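Below is run-v6.txt, which holds compact mmCIF, C-alpha atoms.
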```txt
# COMPACT_ATOMS: atom_id res chain seq x y z
CA MET A 230 10.75 43.72 1.32
CA ARG A 231 8.37 44.05 -1.61
CA LYS A 232 10.87 42.33 -3.90
CA ARG A 233 11.22 39.46 -1.44
CA LEU A 234 7.46 39.06 -1.25
CA ILE A 235 7.24 39.03 -5.04
CA LEU A 236 10.02 36.43 -5.22
CA ALA A 237 8.35 34.28 -2.56
CA ALA A 238 5.03 34.48 -4.40
CA ALA A 239 6.75 33.50 -7.63
CA LEU A 240 8.41 30.51 -5.97
CA LEU A 241 5.11 29.39 -4.49
CA GLY A 242 3.57 29.70 -7.92
CA LEU A 243 6.29 27.51 -9.41
CA VAL A 244 5.77 24.91 -6.69
CA ALA A 245 2.03 24.92 -7.31
CA LEU A 246 2.63 24.58 -11.03
CA ALA A 247 5.02 21.67 -10.49
CA LEU A 248 2.51 19.91 -8.24
CA GLY A 249 -0.25 20.53 -10.76
CA LEU A 250 1.88 19.08 -13.53
CA ASN A 251 2.56 16.04 -11.38
CA THR A 252 -1.17 15.56 -10.94
CA ALA A 253 -1.69 15.88 -14.69
CA ARG A 254 1.15 13.42 -15.29
CA ASN A 255 -0.34 10.91 -12.89
CA TYR A 256 -3.81 11.22 -14.40
CA ALA A 257 -2.49 10.88 -17.95
CA GLY A 258 -0.31 7.91 -17.01
CA TRP A 259 2.95 9.50 -18.19
CA GLN A 260 6.09 7.51 -17.38
CA PRO A 261 8.27 8.86 -14.54
CA ALA A 262 12.05 8.49 -14.44
CA THR A 263 12.86 4.80 -14.60
CA GLU A 264 15.06 2.38 -12.66
CA THR A 265 16.04 -1.19 -13.36
CA PRO A 266 14.64 -3.75 -10.91
CA ALA A 267 18.16 -4.13 -9.48
CA GLU A 268 18.41 -0.38 -8.90
CA ARG A 269 15.01 -0.30 -7.24
CA LEU A 270 15.96 -3.22 -4.99
CA ALA A 271 19.17 -1.44 -3.96
CA ARG A 272 17.10 1.63 -3.09
CA LEU A 273 14.44 -0.22 -1.08
CA GLU A 274 16.24 -3.06 0.68
CA PRO A 275 18.16 -0.98 3.28
CA HIS A 276 14.87 0.46 4.52
CA TRP A 277 12.56 -2.52 4.81
CA ARG A 278 12.14 -4.60 7.96
CA ILE A 279 11.28 -8.28 8.27
CA LEU A 280 9.69 -9.90 11.31
CA ARG A 281 9.93 -13.70 11.39
CA PRO A 282 8.20 -16.48 13.29
CA ALA A 283 10.28 -18.75 15.49
CA GLY A 284 12.05 -21.60 13.78
CA PRO A 285 14.10 -21.92 10.62
CA GLY A 286 11.20 -22.06 8.18
CA PRO A 287 10.73 -21.78 5.34
CA HIS A 288 7.79 -19.60 6.38
CA PRO A 289 5.12 -18.20 4.09
CA ALA A 290 5.32 -14.44 3.92
CA ALA A 291 3.37 -11.21 3.94
CA VAL A 292 4.23 -7.78 2.54
CA LEU A 293 2.79 -4.74 4.31
CA LEU A 294 2.38 -1.32 2.70
CA SER A 295 1.66 1.78 4.75
CA GLY A 296 -0.58 4.71 4.03
CA CYS A 297 0.62 7.92 2.43
CA ASP A 298 2.02 9.31 5.71
CA GLY A 299 4.62 6.56 5.90
CA VAL A 300 5.38 3.60 8.14
CA HIS A 301 3.84 3.94 11.60
CA ASP A 302 2.76 1.75 14.51
CA ASN A 303 -0.11 0.10 12.62
CA MET A 304 2.36 -1.58 10.27
CA ASP A 305 4.18 -3.10 13.25
CA TYR A 306 0.85 -4.20 14.71
CA TRP A 307 -0.26 -5.97 11.54
CA ALA A 308 3.21 -7.45 11.04
CA ARG A 309 2.93 -9.06 14.49
CA GLN A 310 -0.47 -10.47 13.56
CA PHE A 311 0.99 -12.13 10.48
CA VAL A 312 3.92 -13.49 12.48
CA ALA A 313 1.42 -14.96 14.95
CA MET A 314 -0.24 -16.66 11.99
CA GLY A 315 3.08 -18.22 10.99
CA ARG A 316 4.12 -15.76 8.28
CA ALA A 317 7.28 -13.72 7.94
CA ALA A 318 6.22 -10.09 7.55
CA LEU A 319 8.11 -7.62 5.37
CA ILE A 320 7.25 -3.97 6.11
CA LEU A 321 7.91 -2.27 2.79
CA ASP A 322 8.91 1.38 3.30
CA SER A 323 8.45 3.40 0.10
CA HIS A 324 8.98 6.74 1.87
CA ALA A 325 12.42 6.72 3.48
CA PRO A 326 14.24 5.61 0.28
CA ARG A 327 12.80 8.70 -1.46
CA LEU A 328 13.19 11.07 1.54
CA LEU A 329 9.41 11.35 1.69
CA ASP A 330 9.67 10.86 5.45
CA LYS A 331 11.47 14.21 5.85
CA ALA A 332 9.94 17.60 6.59
CA GLN A 333 6.43 16.24 6.03
CA ALA A 334 7.23 15.63 2.37
CA TRP A 335 4.76 12.75 2.60
CA ARG A 336 1.96 15.31 2.28
CA ALA A 337 2.70 15.59 -1.45
CA LEU A 338 2.17 11.84 -1.72
CA CYS A 339 -1.12 12.09 0.18
CA ALA A 340 -2.25 14.79 -2.25
CA GLY A 341 -1.53 12.52 -5.22
CA GLN A 342 1.32 14.70 -6.45
CA VAL A 343 4.14 12.15 -6.23
CA LEU A 344 4.40 8.35 -6.25
CA PRO A 345 0.84 7.33 -7.20
CA GLY A 346 -0.24 3.79 -6.51
CA ALA A 347 0.54 2.53 -10.01
CA GLU A 348 4.13 3.75 -9.66
CA ARG A 349 4.54 2.46 -6.11
CA ALA A 350 3.37 -0.95 -7.36
CA GLY A 351 6.89 -1.34 -8.74
CA ASP A 352 8.20 -1.40 -5.16
CA LEU A 353 5.82 -4.24 -4.38
CA ALA A 354 6.81 -6.20 -7.48
CA VAL A 355 10.49 -5.89 -6.54
CA ALA A 356 9.78 -7.00 -2.96
CA LEU A 357 7.88 -10.06 -4.19
CA ALA A 358 10.80 -11.09 -6.39
CA ALA A 359 13.26 -10.52 -3.54
CA LEU A 360 11.27 -12.76 -1.18
CA ARG A 361 11.89 -15.70 -3.51
CA GLU A 362 15.63 -15.44 -2.79
CA MET A 363 15.48 -14.98 1.00
CA PRO A 364 16.57 -17.92 3.18
CA GLY A 365 13.94 -19.20 5.56
CA ILE A 366 11.06 -17.70 3.55
CA ASP A 367 8.65 -19.46 1.23
CA GLY A 368 8.34 -16.84 -1.48
CA SER A 369 5.72 -18.90 -3.29
CA ASP A 370 3.06 -17.98 -0.71
CA VAL A 371 2.88 -14.25 -0.01
CA ALA A 372 -0.05 -12.39 1.51
CA LEU A 373 -0.45 -8.64 1.03
CA LEU A 374 -1.81 -6.00 3.39
CA GLY A 375 -2.09 -2.43 2.21
CA ALA A 376 -3.51 0.47 4.20
CA SER A 377 -4.94 3.51 2.38
CA HIS A 378 -2.31 4.43 -0.24
CA GLY A 379 -0.76 1.00 0.35
CA GLY A 380 -4.10 -0.63 -0.47
CA TRP A 381 -4.28 1.40 -3.67
CA THR A 382 -0.77 0.20 -4.49
CA ALA A 383 -1.67 -3.46 -3.97
CA MET A 384 -4.75 -3.05 -6.18
CA GLU A 385 -2.66 -1.46 -8.94
CA LEU A 386 -0.18 -4.33 -8.87
CA LEU A 387 -2.99 -6.86 -9.24
CA ARG A 388 -4.13 -5.03 -12.37
CA ALA A 389 -0.61 -4.52 -13.73
CA LEU A 390 0.13 -8.25 -13.57
CA GLY A 391 -2.35 -8.66 -16.40
CA GLN A 392 -0.41 -6.46 -18.84
CA ASP A 393 2.99 -6.65 -20.49
CA ALA A 394 4.31 -3.25 -19.39
CA PRO A 395 5.88 -3.09 -15.93
CA PRO A 396 4.66 -0.55 -13.36
CA PRO A 397 5.60 3.04 -14.23
CA GLY A 398 9.14 3.78 -13.06
CA LEU A 399 10.54 0.29 -13.73
CA THR A 400 12.38 -0.60 -16.93
CA ALA A 401 11.20 -4.22 -16.68
CA TRP A 402 9.40 -6.65 -14.43
CA PRO A 403 11.79 -8.04 -11.76
CA ALA A 404 10.56 -11.57 -12.58
CA PRO A 405 8.13 -13.03 -15.10
CA ARG A 406 4.60 -11.75 -14.46
CA CYS A 407 3.24 -15.27 -14.18
CA THR A 408 5.81 -16.03 -11.46
CA LEU A 409 4.94 -12.92 -9.47
CA ALA A 410 1.22 -13.57 -9.81
CA ALA A 411 1.64 -17.18 -8.67
CA GLN A 412 3.38 -15.98 -5.50
CA LEU A 413 0.33 -14.06 -4.36
CA GLY A 414 -1.90 -15.42 -1.65
CA PRO A 415 -4.66 -13.53 0.18
CA VAL A 416 -4.85 -9.75 -0.11
CA VAL A 417 -6.14 -7.43 2.62
CA LEU A 418 -7.08 -3.86 1.68
CA LEU A 419 -7.65 -1.44 4.56
CA TYR A 420 -9.63 1.69 3.56
CA PRO A 421 -7.83 2.01 0.18
CA TYR A 422 -8.05 5.02 -2.13
CA CYS A 423 -10.42 4.13 -4.98
CA GLY A 424 -10.80 7.53 -6.67
CA LEU A 425 -10.06 8.80 -10.15
CA LEU A 426 -6.34 7.97 -10.15
CA ASN A 427 -6.91 4.34 -9.13
CA GLY A 428 -6.85 2.33 -12.36
CA SER A 429 -7.12 -1.11 -10.80
CA ALA A 430 -10.59 -1.79 -12.24
CA LYS A 431 -9.30 -1.41 -15.82
CA GLY A 432 -8.05 -4.96 -16.07
CA PRO A 433 -8.59 -8.40 -14.56
CA TRP A 434 -6.88 -9.47 -11.37
CA PRO A 435 -5.09 -12.84 -11.15
CA GLY A 436 -7.92 -15.36 -11.00
CA HIS A 437 -6.71 -17.22 -7.89
CA VAL A 438 -6.31 -14.14 -5.67
CA GLN A 439 -8.78 -13.78 -2.80
CA GLY A 440 -9.27 -10.29 -1.42
CA LEU A 441 -10.80 -8.68 1.66
CA MET A 442 -11.52 -4.93 1.61
CA LEU A 443 -12.36 -3.25 4.93
CA LEU A 444 -13.87 0.22 4.67
CA ALA A 445 -14.81 2.93 7.17
CA GLU A 446 -18.33 4.27 6.72
CA GLN A 447 -17.44 7.74 8.06
CA ASP A 448 -14.13 7.96 6.16
CA SER A 449 -13.08 11.62 5.94
CA ILE A 450 -10.00 10.96 3.77
CA ILE A 451 -11.19 8.65 0.99
CA ASP A 452 -14.67 8.10 -0.40
CA SER A 453 -15.86 4.70 0.77
CA ALA A 454 -18.65 4.82 -1.80
CA ASP A 455 -15.98 4.85 -4.53
CA CYS A 456 -14.49 1.67 -3.07
CA GLN A 457 -17.87 0.01 -2.76
CA SER A 458 -18.57 0.79 -6.41
CA MET A 459 -15.10 -0.28 -7.54
CA GLY A 460 -15.38 -3.46 -5.51
CA ALA A 461 -18.68 -4.31 -7.22
CA ASP A 462 -17.10 -3.63 -10.63
CA LEU A 463 -14.13 -5.87 -9.81
CA VAL A 464 -16.40 -8.70 -8.67
CA ALA A 465 -18.39 -8.32 -11.89
CA ARG A 466 -15.10 -8.74 -13.78
CA GLY A 467 -14.37 -11.98 -11.94
CA ALA A 468 -12.32 -10.82 -8.94
CA HIS A 469 -12.76 -12.76 -5.71
CA LEU A 470 -13.25 -9.84 -3.34
CA THR A 471 -15.30 -9.39 -0.18
CA VAL A 472 -16.07 -5.81 0.82
CA THR A 473 -17.04 -4.99 4.41
CA THR A 474 -17.90 -1.50 5.67
CA TYR A 475 -17.60 -0.69 9.38
CA PRO A 476 -20.37 1.68 10.49
CA GLY A 477 -19.48 4.90 12.30
CA ILE A 478 -15.73 4.46 11.78
CA ASN A 479 -13.22 6.89 10.29
CA HIS A 480 -10.08 6.42 8.18
CA GLY A 481 -6.93 5.02 9.77
CA PHE A 482 -8.71 3.55 12.78
CA ASP A 483 -5.82 1.12 13.39
CA GLN A 484 -3.07 3.77 13.71
CA ARG A 485 -2.04 5.54 16.94
CA GLU A 486 0.83 7.70 15.64
CA ARG A 487 -0.41 10.87 13.97
CA SER A 488 0.66 14.22 12.65
CA SER A 489 -0.13 16.89 15.25
CA LEU A 490 -2.81 18.38 12.97
CA SER A 491 -4.45 15.09 11.99
CA PRO A 492 -8.21 14.91 12.62
CA LEU A 493 -8.07 11.10 12.72
CA GLU A 494 -8.17 9.00 15.88
CA PHE A 495 -7.18 5.51 16.87
CA ASP A 496 -10.17 3.25 17.51
CA ALA A 497 -9.27 0.19 19.57
CA GLU A 498 -12.63 -1.52 19.05
CA ALA A 499 -12.50 -1.09 15.29
CA ARG A 500 -8.94 -2.41 15.17
CA ALA A 501 -9.96 -5.42 17.26
CA ARG A 502 -12.85 -6.12 14.88
CA ALA A 503 -10.55 -5.80 11.87
CA THR A 504 -8.10 -8.18 13.54
CA ARG A 505 -10.83 -10.78 14.01
CA ASP A 506 -12.06 -10.35 10.44
CA ILE A 507 -8.57 -10.58 8.96
CA ARG A 508 -7.64 -13.64 11.03
CA ALA A 509 -10.89 -15.35 10.02
CA PHE A 510 -10.19 -14.49 6.37
CA MET A 511 -6.62 -15.78 6.61
CA GLN A 512 -7.61 -19.10 8.21
CA GLY A 513 -8.59 -20.44 4.82
CA PHE A 514 -5.04 -20.02 3.50
CA ALA A 515 -2.82 -21.56 6.15
CA ALA A 516 -2.66 -24.18 8.88
CA PRO A 517 -4.07 -23.03 12.23
CA ALA A 518 -1.64 -20.88 14.17
CA PRO A 519 -1.29 -20.45 17.92
CA GLY A 520 -3.24 -17.60 19.52
CA ILE A 521 -1.77 -14.16 19.94
```
Encoding of this model in structure tokens:
Amino acid sequence: MRKRLILAAALLGLVALALGLNTARNYAGWQPATETPAERLARLEPHWRILRPAGPGPHPAAVLLSGCDGVHDNMDYWARQFVAMGRAALILDSHAPRLLDKAQAWRALCAGQVLPGAERAGDLAVALAALREMPGIDGSDVALLGASHGGWTAMELLRALGQDAPPPGLTAWPAPRCTLAAQLGPVVLLYPYCGLLNGSAKGPWPGHVQGLMLLAEQDSIIDSADCQSMGADLVARGAHLTVTTYPGINHGFDQRERSSLSPLEFDAEARARATRDIRAFMQGFAAPAPGI
């Protein structure tokens, strides 16, 4: 028994060491194992879902990125909102292709140990390039919505488009950076992570991109003050970003599905307010759409 306990303790120590090294790697910006854009597309495409408006199109598009716990009901909700506004909505699942949806492996992602936002930005770049080739979709007009870790990811892509190197984990950009940047329309960031590992304020965002960041004042997962400060820094650097903080609201207010131990709760009123704010923000980028 004592030997088994010693072995178990040693294994836990190795796991902790590996996770710590991952954190150090992420902070230092070390390059993870790489894939070509074609390999990344082959990994992602079987797992993403696309909701389309009625009619043949071509329809403008939106890409949705979930939080660190994976794709849940809030992604379907926001996808339906974009469809109601006349956009095809691609729900980009970064978890299932990496088995991060199994055995609560997503918790390592939430802890910043695997797939940081800068690395996940490669998934978003590949999805943008793929939209340009999809029938019935206008890949030249793509909105983004990222929640929590997904918001961090969207912010990292906006920064990465200003540098030659592709996102960590990709051998190359899947299309010229100028082409990918030109595809981008409005960007919605729901309670994104803006802490130490978020490098999106290091470089300029594409000048035409308009952003809306919605924060929760009582956020118990991320520090909203970090996002308020980062938002101010980005605006000072020329980014077109509006930051709104909802008073008395916690992280993930738009999501019903939870881990059994999650302290977070769905807030119907907050989600309704966010829906109104997002629809009002989006009205400046498309023809009026029928009501929901």
Please, which residues in region 316-419 of chain A fall within 12 Å of region 452-463 of chain A when counting only C-alpha atoms, and what is the closest atom pair and distance in Å to one decimal for each, ordered by chain then residue number, as JSON lines?
```
{"residue": "A:Ser377", "atom": "CA", "partner": "A:Ser453", "partner_atom": "CA", "distance": 11.1}
{"residue": "A:Gly380", "atom": "CA", "partner": "A:Cys456", "partner_atom": "CA", "distance": 11.0}
{"residue": "A:Trp381", "atom": "CA", "partner": "A:Cys456", "partner_atom": "CA", "distance": 10.2}
{"residue": "A:Met384", "atom": "CA", "partner": "A:Leu463", "partner_atom": "CA", "distance": 10.4}
{"residue": "A:Leu387", "atom": "CA", "partner": "A:Leu463", "partner_atom": "CA", "distance": 11.2}
{"residue": "A:Arg388", "atom": "CA", "partner": "A:Leu463", "partner_atom": "CA", "distance": 10.4}
{"residue": "A:Leu418", "atom": "CA", "partner": "A:Cys456", "partner_atom": "CA", "distance": 10.4}
{"residue": "A:Leu419", "atom": "CA", "partner": "A:Cys456", "partner_atom": "CA", "distance": 10.7}
```
Which residue is closest to Ala372 (chain A)? Choose from A:Lys431, A:Leu294, A:Leu390, A:Arg336 and count all atoms listed in the file.
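Comparing A:Lys431, A:Leu294, A:Leu390, A:Arg336 against Ala372 (chain A), the winner is A:Leu294.
The residue set within 7 Å of region 473-475 of chain A, counting only C-alpha atoms and dropping same-chain residues fewer than 2 places from it, reads Met442, Leu443, Leu444, Ala445, Glu446, Thr471, Gly477 and Ile478 of chain A.
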Selection from above, C-alpha atoms, as a PDB file, keeping the file's coordinate frame, can you write it?
```
ATOM      1  CA  MET A 442     -11.520  -4.930   1.610  1.00  0.00           C
ATOM      2  CA  LEU A 443     -12.360  -3.250   4.930  1.00  0.00           C
ATOM      3  CA  LEU A 444     -13.870   0.220   4.670  1.00  0.00           C
ATOM      4  CA  ALA A 445     -14.810   2.930   7.170  1.00  0.00           C
ATOM      5  CA  GLU A 446     -18.330   4.270   6.720  1.00  0.00           C
ATOM      6  CA  THR A 471     -15.300  -9.390  -0.180  1.00  0.00           C
ATOM      7  CA  GLY A 477     -19.480   4.900  12.300  1.00  0.00           C
ATOM      8  CA  ILE A 478     -15.730   4.460  11.780  1.00  0.00           C
TER       9      ILE A 478
END
```
Between CA of Leu493 (chain A) and CA of Asn303 (chain A), what is the spacing in Å?
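Those two atoms sit 13.6 Å apart.
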Residues around (8.1, -10.2, 12.9), cut-off 9 Å, counting all atoms listed in the file - what are they as an MDAnalysis selection string?
chainID A and resid 278:282 305 308:313 316:319
Those selected residues, please, written with C-alpha atoms and delivered as a PDB file, keeping the file's coordinate frame.
```pdb
ATOM      1  CA  ARG A 278      12.140  -4.600   7.960  1.00  0.00           C
ATOM      2  CA  ILE A 279      11.280  -8.280   8.270  1.00  0.00           C
ATOM      3  CA  LEU A 280       9.690  -9.900  11.310  1.00  0.00           C
ATOM      4  CA  ARG A 281       9.930 -13.700  11.390  1.00  0.00           C
ATOM      5  CA  PRO A 282       8.200 -16.480  13.290  1.00  0.00           C
ATOM      6  CA  ASP A 305       4.180  -3.100  13.250  1.00  0.00           C
ATOM      7  CA  ALA A 308       3.210  -7.450  11.040  1.00  0.00           C
ATOM      8  CA  ARG A 309       2.930  -9.060  14.490  1.00  0.00           C
ATOM      9  CA  GLN A 310      -0.470 -10.470  13.560  1.00  0.00           C
ATOM     10  CA  PHE A 311       0.990 -12.130  10.480  1.00  0.00           C
ATOM     11  CA  VAL A 312       3.920 -13.490  12.480  1.00  0.00           C
ATOM     12  CA  ALA A 313       1.420 -14.960  14.950  1.00  0.00           C
ATOM     13  CA  ARG A 316       4.120 -15.760   8.280  1.00  0.00           C
ATOM     14  CA  ALA A 317       7.280 -13.720   7.940  1.00  0.00           C
ATOM     15  CA  ALA A 318       6.220 -10.090   7.550  1.00  0.00           C
ATOM     16  CA  LEU A 319       8.110  -7.620   5.370  1.00  0.00           C
TER      17      LEU A 319
END
```
Option closest in space to Ala290 (chain A), from A:Leu273, A:Val371, A:Leu490, A:Ala501 [counting all atoms listed in the file]:
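Ranking A:Leu273, A:Val371, A:Leu490, A:Ala501 by distance to Ala290 (chain A), first place goes to A:Val371.
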Compare A:Cys297, A:Val355, A:Leu386, A:Ala503 by their minimum atom-to-atom distance to Ala334 (chain A), counting all atoms listed in the file, and give me the closest one.
A:Cys297
Leaving out Leu426 (chain A) and any residue of its chain fewer than 2 positions from it, which residues lie within 9 Å of it when counting all atoms listed in the file, given as a ChimeraX atom specification?
/A:255-256,341,345-347,422-424,428
Those same residues - C-alpha atoms - I'd like them written as a tab-separated table (two decimals), keeping the file's coordinate frame.
```tsv
chain	number	residue	atom	x	y	z
A	255	ASN	CA	-0.34	10.91	-12.89
A	256	TYR	CA	-3.81	11.22	-14.40
A	341	GLY	CA	-1.53	12.52	-5.22
A	345	PRO	CA	0.84	7.33	-7.20
A	346	GLY	CA	-0.24	3.79	-6.51
A	347	ALA	CA	0.54	2.53	-10.01
A	422	TYR	CA	-8.05	5.02	-2.13
A	423	CYS	CA	-10.42	4.13	-4.98
A	424	GLY	CA	-10.80	7.53	-6.67
A	428	GLY	CA	-6.85	2.33	-12.36
```
Missing atoms of region 401-415 of chain A rebuilt to N, CA and C atoms, written as a compact mmCIF listing (two decimals), keeping the file's coordinate frame:
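Saved the output as selection16.txt:
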```txt
# COMPACT_ATOMS: atom_id res chain seq x y z
N ALA A 401 11.64 -2.85 -16.37
CA ALA A 401 11.20 -4.22 -16.68
C ALA A 401 10.60 -4.83 -15.42
N TRP A 402 9.86 -5.89 -15.59
CA TRP A 402 9.40 -6.65 -14.43
C TRP A 402 10.60 -7.32 -13.77
N PRO A 403 10.64 -7.41 -12.43
CA PRO A 403 11.79 -8.04 -11.76
C PRO A 403 11.79 -9.56 -11.88
N ALA A 404 10.69 -10.13 -12.32
CA ALA A 404 10.56 -11.57 -12.58
C ALA A 404 9.40 -11.72 -13.55
N PRO A 405 9.28 -12.86 -14.20
CA PRO A 405 8.13 -13.03 -15.10
C PRO A 405 6.81 -12.76 -14.38
N ARG A 406 5.88 -12.11 -15.08
CA ARG A 406 4.60 -11.75 -14.46
C ARG A 406 3.87 -12.97 -13.91
N CYS A 407 3.93 -14.07 -14.63
CA CYS A 407 3.24 -15.27 -14.18
C CYS A 407 3.84 -15.78 -12.86
N THR A 408 5.15 -15.62 -12.70
CA THR A 408 5.81 -16.03 -11.46
C THR A 408 5.37 -15.15 -10.30
N LEU A 409 5.36 -13.84 -10.52
CA LEU A 409 4.94 -12.92 -9.47
C LEU A 409 3.49 -13.16 -9.09
N ALA A 410 2.63 -13.34 -10.10
CA ALA A 410 1.22 -13.57 -9.81
C ALA A 410 1.02 -14.85 -9.01
N ALA A 411 1.79 -15.90 -9.37
CA ALA A 411 1.64 -17.18 -8.67
C ALA A 411 2.08 -17.10 -7.22
N GLN A 412 2.94 -16.14 -6.88
CA GLN A 412 3.38 -15.98 -5.50
C GLN A 412 2.28 -15.47 -4.59
N LEU A 413 1.31 -14.79 -5.17
CA LEU A 413 0.33 -14.06 -4.36
C LEU A 413 -0.66 -14.99 -3.70
N GLY A 414 -0.86 -14.75 -2.41
CA GLY A 414 -1.90 -15.42 -1.65
C GLY A 414 -3.02 -14.43 -1.36
N PRO A 415 -3.56 -14.43 -0.16
CA PRO A 415 -4.66 -13.53 0.18
C PRO A 415 -4.21 -12.07 0.24
```
